[in-house]
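Novice: What follows is a single structure, and I will ask about it in a moment.
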Amino acid sequence: MTIQRVTVKIPHAENAPLDGWLEHSSGPSHGLVLLAHAWGGPKSTVAATYISQQLCQNGWSVLRFDSALGDSAPARPTAQHLPGRIQEVESAASWLRKTLSAPTLLIGLGLGGTAVLLARGAHEDCKAIATWGAPDFADNAPDSAIGLAAIKKPTLLLHSPYDTCVPFFEAERLRAAIKAPCNLLSLEGLDHAVNSREDADYIAGLIHAWALRYCPVVSTVNVALSPVPRGQVRVLEANQRFLRDIMTDQHVWQADEPLAAGGSDQGPDPYELLLSALGACTSMTMRMYANRKGLKVDHLQVDLRHERRYREDCEDCEGKNGQLDVITRTLRIEGDLSDAERQRLAEIADRCPVHRTLENQPVIRTALASTDKCEPF
């Protein structure tokens with residue numbers, strides 16, 4: 001399932017706008033999720049990114065956003081940081097309400113969890129609230145206890161008994177203070193930081209299953225993407241390492257580098273994207289030919305691998321000595337076909353447009369834009 005993403009700027013009091021990412025997938029949606037993570041830096045925290053992606057896969061539309069503190073946020077939040085985070089949640093909810101519709105589900109991670117519990121301005125039209133690892137500042141911020149008692153929405157508190165940042169007893173105090181229907185679920189084997197996709201998917205899956213009781217399927221959420229001309233691809237930084245957002249006029253996906261290369265492995269690397277383009281075009285071209293000729297092809301599989309060889313070690317290659325990029329493409333054709341028909345399909349594979357482009361040694365022209373301002377999604 002393709003997840004589309006819009007980068008947005010959320011007006012916030014007199015301060016600079018909040019950076020936000022509105023993500024959704026095609027088809028019916030359970031509603032809009034407002035996802036507040038603990039802090040802004042580094043931008044697009046791993047936990048928020050993974051949880052948002054899994055929620056989209058489960059049929060939600062998600063707005064996640066950074067704190068105005070950004071990379072200057074402290075390592076551990078305190079009660080003095082809570083009012084500012086509450087205001088940010090309410091600003092994001094107000095922006096959603098004016099731009100699309102009110103958030104259906106509020107989710108907060110860490111301090112963001114306490115903020116969504118106390119952000120009364122965001123509760124008006126939401127149906128449920130869920131948190132992960134939310135701290136309780138009742139001792140330092142007495143008004144928060146009053147705010148927790150005033151919550152009227154069904155609430156799910158997820159917490160780990162091994163949380164070394166926010167002790168589990170704080171989740172128990174939150175549970176005792178909330179008078180609305182409230183469930184506290186202790187998750188074994190997790191810590192406060194959610195750095196793996198497996199753990200994030202687990203948390204997102206629990207929230208999804210619980211929230212379905214309160215959020216039935218509704219119509220497709222209409223999220224308009226910023227225009228990118230058809231036939232053009234735009235690549236923007238999702239972080240200041242290797243993660244990149246890639247967008248066309250209709251689709252959004254990501255590229256990254258593996259963990260071993262210093263990336264976060266949240267998307268295919270550039271060479272994998274190149275191989276995917278060749279493989280997809282190969283399969284499409286073979287299928288188009290098979291359908292036109294009435295060949296009994298049940299299924300096609302294309303496996304690709306990229307490597308660099310030295311020319312003198314490549315017996316079937318001509319040219320000067322030096323490194324040579326070699327792409328090995330293996331075709332699997334399932335169906336009731338003669339050997340001649342299979343061979344013909346293999347020949348057709350070499351005629352796919354991307355194959356021809358790569359073999360034609362395309363000229364790549366690089367130009368600087370007339371402005372240094374990057375366009376948002």
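Labels for the structure tokens follow display order: chains A, B, ..., residues from 1 in each chain, ligands from 1.
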As an mmCIF file with C-alpha atoms, in the first residue's frame, please: the residues near Phe168 (chain A) (cut-off 9 Å, only C-alpha atoms, same-chain neighbours under 3 positions excluded).
Specialist:
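The resulting result-v5.cif:
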```
data_model
loop_
_atom_site.group_PDB
_atom_site.id
_atom_site.type_symbol
_atom_site.label_atom_id
_atom_site.label_comp_id
_atom_site.auth_asym_id
_atom_site.auth_seq_id
_atom_site.Cartn_x
_atom_site.Cartn_y
_atom_site.Cartn_z
ATOM 1 C CA GLY A 133 5.026 6.200 28.058
ATOM 2 C CA PRO A 135 4.731 10.988 32.407
ATOM 3 C CA HIS A 159 3.372 1.701 29.290
ATOM 4 C CA SER A 160 6.315 -0.598 29.850
ATOM 5 C CA PRO A 161 7.200 -1.891 33.330
ATOM 6 C CA TYR A 162 10.841 -1.611 32.167
ATOM 7 C CA ASP A 163 10.574 2.074 31.241
ATOM 8 C CA THR A 164 13.760 3.666 32.621
ATOM 9 C CA ALA A 171 1.110 5.482 34.439
ATOM 10 C CA GLU A 172 -0.760 4.026 37.420
ATOM 11 C CA ARG A 173 -1.264 7.538 38.828
ATOM 12 C CA SER A 186 1.533 -3.044 30.559
#
```
Novice: Identify, on the basis of only C-alpha atoms, every residue whose closest approach to Gln254 (chain A) does not exceed 8 Å; exclude the query and any residue fewer than 5 positions from it along the same chain; express the result as an mmCIF file with C-alpha atoms, in the first residue's frame.
Specialist:
```cif
data_model
loop_
_atom_site.group_PDB
_atom_site.id
_atom_site.type_symbol
_atom_site.label_atom_id
_atom_site.label_comp_id
_atom_site.auth_asym_id
_atom_site.auth_seq_id
_atom_site.Cartn_x
_atom_site.Cartn_y
_atom_site.Cartn_z
ATOM 1 C CA LEU A 243 16.228 9.507 4.745
ATOM 2 C CA ARG A 244 14.559 11.164 1.739
ATOM 3 C CA ASP A 245 10.953 11.845 0.765
ATOM 4 C CA ILE A 246 10.283 11.142 -2.922
ATOM 5 C CA GLN A 266 13.186 3.249 6.510
ATOM 6 C CA GLY A 267 13.148 2.850 2.742
ATOM 7 C CA PRO A 268 15.016 1.231 -0.159
#
```
Novice: I'd like the neighbourhood of Trp60 (chain A) as JSON, numbers by chain, where a residue qualifies if any of its atoms comes within 7 Å (using only C-alpha atoms), though same-chain residues fewer than 3 positions away should be ignored.
Specialist: {"A": [24, 29, 30, 31, 32, 33, 55, 56]}
Novice: Residues at most 6 Å from region 329-340 of chain A, counting only C-alpha atoms, excluding those fewer than 5 positions away in the same chain, as a list of chain:residue names?
Specialist: A:Lys296, A:Val297, A:Asp298, A:His299, A:Leu300, A:Gln301, A:Val302, A:Asp303, A:Leu304
Novice: Deliver the residues from the most recent selection as a file, using N, CA and C atoms, as a PDB file, in the first residue's frame.
Specialist:
```
ATOM      1  N   LYS A 296      -0.334 -18.140 -22.260  1.00  0.00           N
ATOM      2  CA  LYS A 296      -0.874 -18.609 -20.983  1.00  0.00           C
ATOM      3  C   LYS A 296       0.158 -18.397 -19.870  1.00  0.00           C
ATOM      4  N   VAL A 297       0.360 -17.138 -19.506  1.00  0.00           N
ATOM      5  CA  VAL A 297       1.286 -16.782 -18.433  1.00  0.00           C
ATOM      6  C   VAL A 297       0.481 -16.551 -17.156  1.00  0.00           C
ATOM      7  N   ASP A 298       0.703 -17.412 -16.171  1.00  0.00           N
ATOM      8  CA  ASP A 298      -0.030 -17.283 -14.905  1.00  0.00           C
ATOM      9  C   ASP A 298       0.601 -16.256 -13.981  1.00  0.00           C
ATOM     10  N   HIS A 299       1.948 -16.232 -13.960  1.00  0.00           N
ATOM     11  CA  HIS A 299       2.616 -15.310 -13.035  1.00  0.00           C
ATOM     12  C   HIS A 299       4.027 -15.032 -13.528  1.00  0.00           C
ATOM     13  N   LEU A 300       4.482 -13.808 -13.260  1.00  0.00           N
ATOM     14  CA  LEU A 300       5.835 -13.389 -13.629  1.00  0.00           C
ATOM     15  C   LEU A 300       6.590 -12.955 -12.382  1.00  0.00           C
ATOM     16  N   GLN A 301       7.849 -13.333 -12.304  1.00  0.00           N
ATOM     17  CA  GLN A 301       8.713 -12.889 -11.203  1.00  0.00           C
ATOM     18  C   GLN A 301      10.042 -12.432 -11.796  1.00  0.00           C
ATOM     19  N   VAL A 302      10.497 -11.256 -11.356  1.00  0.00           N
ATOM     20  CA  VAL A 302      11.768 -10.700 -11.831  1.00  0.00           C
ATOM     21  C   VAL A 302      12.645 -10.444 -10.617  1.00  0.00           C
ATOM     22  N   ASP A 303      13.787 -11.102 -10.538  1.00  0.00           N
ATOM     23  CA  ASP A 303      14.761 -10.887  -9.466  1.00  0.00           C
ATOM     24  C   ASP A 303      15.962 -10.139 -10.042  1.00  0.00           C
ATOM     25  N   LEU A 304      16.431  -9.122  -9.332  1.00  0.00           N
ATOM     26  CA  LEU A 304      17.535  -8.310  -9.828  1.00  0.00           C
ATOM     27  C   LEU A 304      18.603  -8.137  -8.765  1.00  0.00           C
TER      28      LEU A 304
END
```
Novice: Counting only C-alpha atoms, which of A:Ser276, A:Ser61, A:Thr131, A:Ser67 gets nearest to Val116 (chain A)?
Specialist: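 Using only C-alpha atoms, the shortest distance to Val116 (chain A) belongs to A:Thr131.
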Novice: I need the strand (DSSP E) residues of region 50-132 of chain A per DSSP on the backbone, written as JSON, numbers by chain.
Specialist: {"A": [61, 62, 63, 64, 65, 105, 106, 107, 108, 109, 128, 129, 130, 131, 132]}
Novice: Taking only C-alpha atoms into account, name the residue in A:Ile3, A:Ala193, A:Leu63, A:Ala48 that is nearest to Gly20 (chain A).
Specialist: A:Leu63
Novice: Could you jot down the CA of Leu106 (chain A) to CA of Phe65 (chain A) separation for me, Å, one decimal place?
Specialist: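 Atom-to-atom, CA of Leu106 (chain A) and CA of Phe65 (chain A) are spaced 12.5 Å apart.
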Novice: At a cut-off of 9 Å, using only C-alpha atoms, what residues contact region 200-217 of chain A? Leave out same-chain residues fewer than 4 positions from it and give the result as a ChimeraX atom specification.
Specialist: /A:28-31,46-55,58-60,104-105,107,127-132,154,156,158,187,194-196
Novice: Could you jot down the CA of Leu190 (chain A) to CA of Ile151 (chain A) separation for me, Å, one decimal place?
Specialist: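 Distance reported for this atom pair: 27.3 Å.
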Novice: Do you have the CA of Asp325 (chain A)-CA of Arg309 (chain A) distance handy?
Specialist: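 Those two atoms sit 6.5 Å apart.
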Novice: I need the residues in region 251-320 of chain A that are helix (DSSP H, G or I) according to DSSP; give them as a ChimeraX atom specification.
Specialist: /A:259-261,270-293,311-313
Novice: Could you save the residues just selected, with C-alpha atoms, as a PDB file, in the first residue's frame?
Specialist:
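result_32.pdb was written with the following content:
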```
ATOM      1  CA  LEU A 259      21.803   0.855   9.250  1.00  0.00           C
ATOM      2  CA  ALA A 260      25.320  -0.338   8.456  1.00  0.00           C
ATOM      3  CA  ALA A 261      25.797   2.669   6.174  1.00  0.00           C
ATOM      4  CA  PRO A 270      19.051   4.402  -4.311  1.00  0.00           C
ATOM      5  CA  TYR A 271      20.369   1.293  -6.098  1.00  0.00           C
ATOM      6  CA  GLU A 272      17.378  -0.725  -4.900  1.00  0.00           C
ATOM      7  CA  LEU A 273      15.127   1.976  -6.346  1.00  0.00           C
ATOM      8  CA  LEU A 274      17.021   1.743  -9.633  1.00  0.00           C
ATOM      9  CA  LEU A 275      16.613  -2.045  -9.702  1.00  0.00           C
ATOM     10  CA  SER A 276      12.927  -1.721  -8.837  1.00  0.00           C
ATOM     11  CA  ALA A 277      12.388   0.608 -11.808  1.00  0.00           C
ATOM     12  CA  LEU A 278      14.017  -1.876 -14.186  1.00  0.00           C
ATOM     13  CA  GLY A 279      12.242  -4.855 -12.636  1.00  0.00           C
ATOM     14  CA  ALA A 280       8.804  -3.222 -12.697  1.00  0.00           C
ATOM     15  CA  CYS A 281       9.214  -2.099 -16.304  1.00  0.00           C
ATOM     16  CA  THR A 282      10.467  -5.557 -17.310  1.00  0.00           C
ATOM     17  CA  SER A 283       7.485  -7.315 -15.742  1.00  0.00           C
ATOM     18  CA  MET A 284       4.977  -4.822 -17.197  1.00  0.00           C
ATOM     19  CA  THR A 285       6.427  -5.157 -20.698  1.00  0.00           C
ATOM     20  CA  MET A 286       6.379  -8.962 -20.572  1.00  0.00           C
ATOM     21  CA  ARG A 287       2.808  -9.002 -19.278  1.00  0.00           C
ATOM     22  CA  MET A 288       1.627  -6.587 -21.956  1.00  0.00           C
ATOM     23  CA  TYR A 289       3.177  -8.778 -24.661  1.00  0.00           C
ATOM     24  CA  ALA A 290       1.764 -11.994 -23.171  1.00  0.00           C
ATOM     25  CA  ASN A 291      -1.745 -10.544 -22.960  1.00  0.00           C
ATOM     26  CA  ARG A 292      -1.599  -9.222 -26.514  1.00  0.00           C
ATOM     27  CA  LYS A 293      -0.407 -12.567 -27.892  1.00  0.00           C
ATOM     28  CA  ARG A 311      35.954  -5.373 -16.876  1.00  0.00           C
ATOM     29  CA  GLU A 312      38.726  -7.927 -17.308  1.00  0.00           C
ATOM     30  CA  ASP A 313      36.690 -10.308 -15.107  1.00  0.00           C
TER      31      ASP A 313
END
```
Novice: Looking at only C-alpha atoms, which of A:Ala38, A:Val62, A:Ala367, A:Ala255 is the one that sits closest to Leu236 (chain A)?
Specialist: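 Ranking A:Ala38, A:Val62, A:Ala367, A:Ala255 by distance to Leu236 (chain A), first place goes to A:Ala255.
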Novice: Identify, on the basis of only C-alpha atoms, every residue whose closest approach to region 83-90 of chain A does not exceed 6 Å; exclude the query and any residue fewer than 3 positions from it along the same chain; express the result as a VMD selection string.
Specialist: chain A and resid 93 115 119 121 to 122
Novice: Would you write out those residues with C-alpha atoms, as a short mmCIF file (atom, residue, chain, number, x, y, z; two decimals), in the first residue's frame?
Specialist:
```cif
data_model
loop_
_atom_site.label_atom_id
_atom_site.label_comp_id
_atom_site.auth_asym_id
_atom_site.auth_seq_id
_atom_site.Cartn_x
_atom_site.Cartn_y
_atom_site.Cartn_z
CA ALA A 93 -5.90 20.16 16.35
CA ALA A 115 -0.12 16.81 26.43
CA ALA A 119 -5.17 19.52 25.70
CA GLY A 121 -9.10 22.25 23.15
CA ALA A 122 -8.33 19.12 21.11
#
```
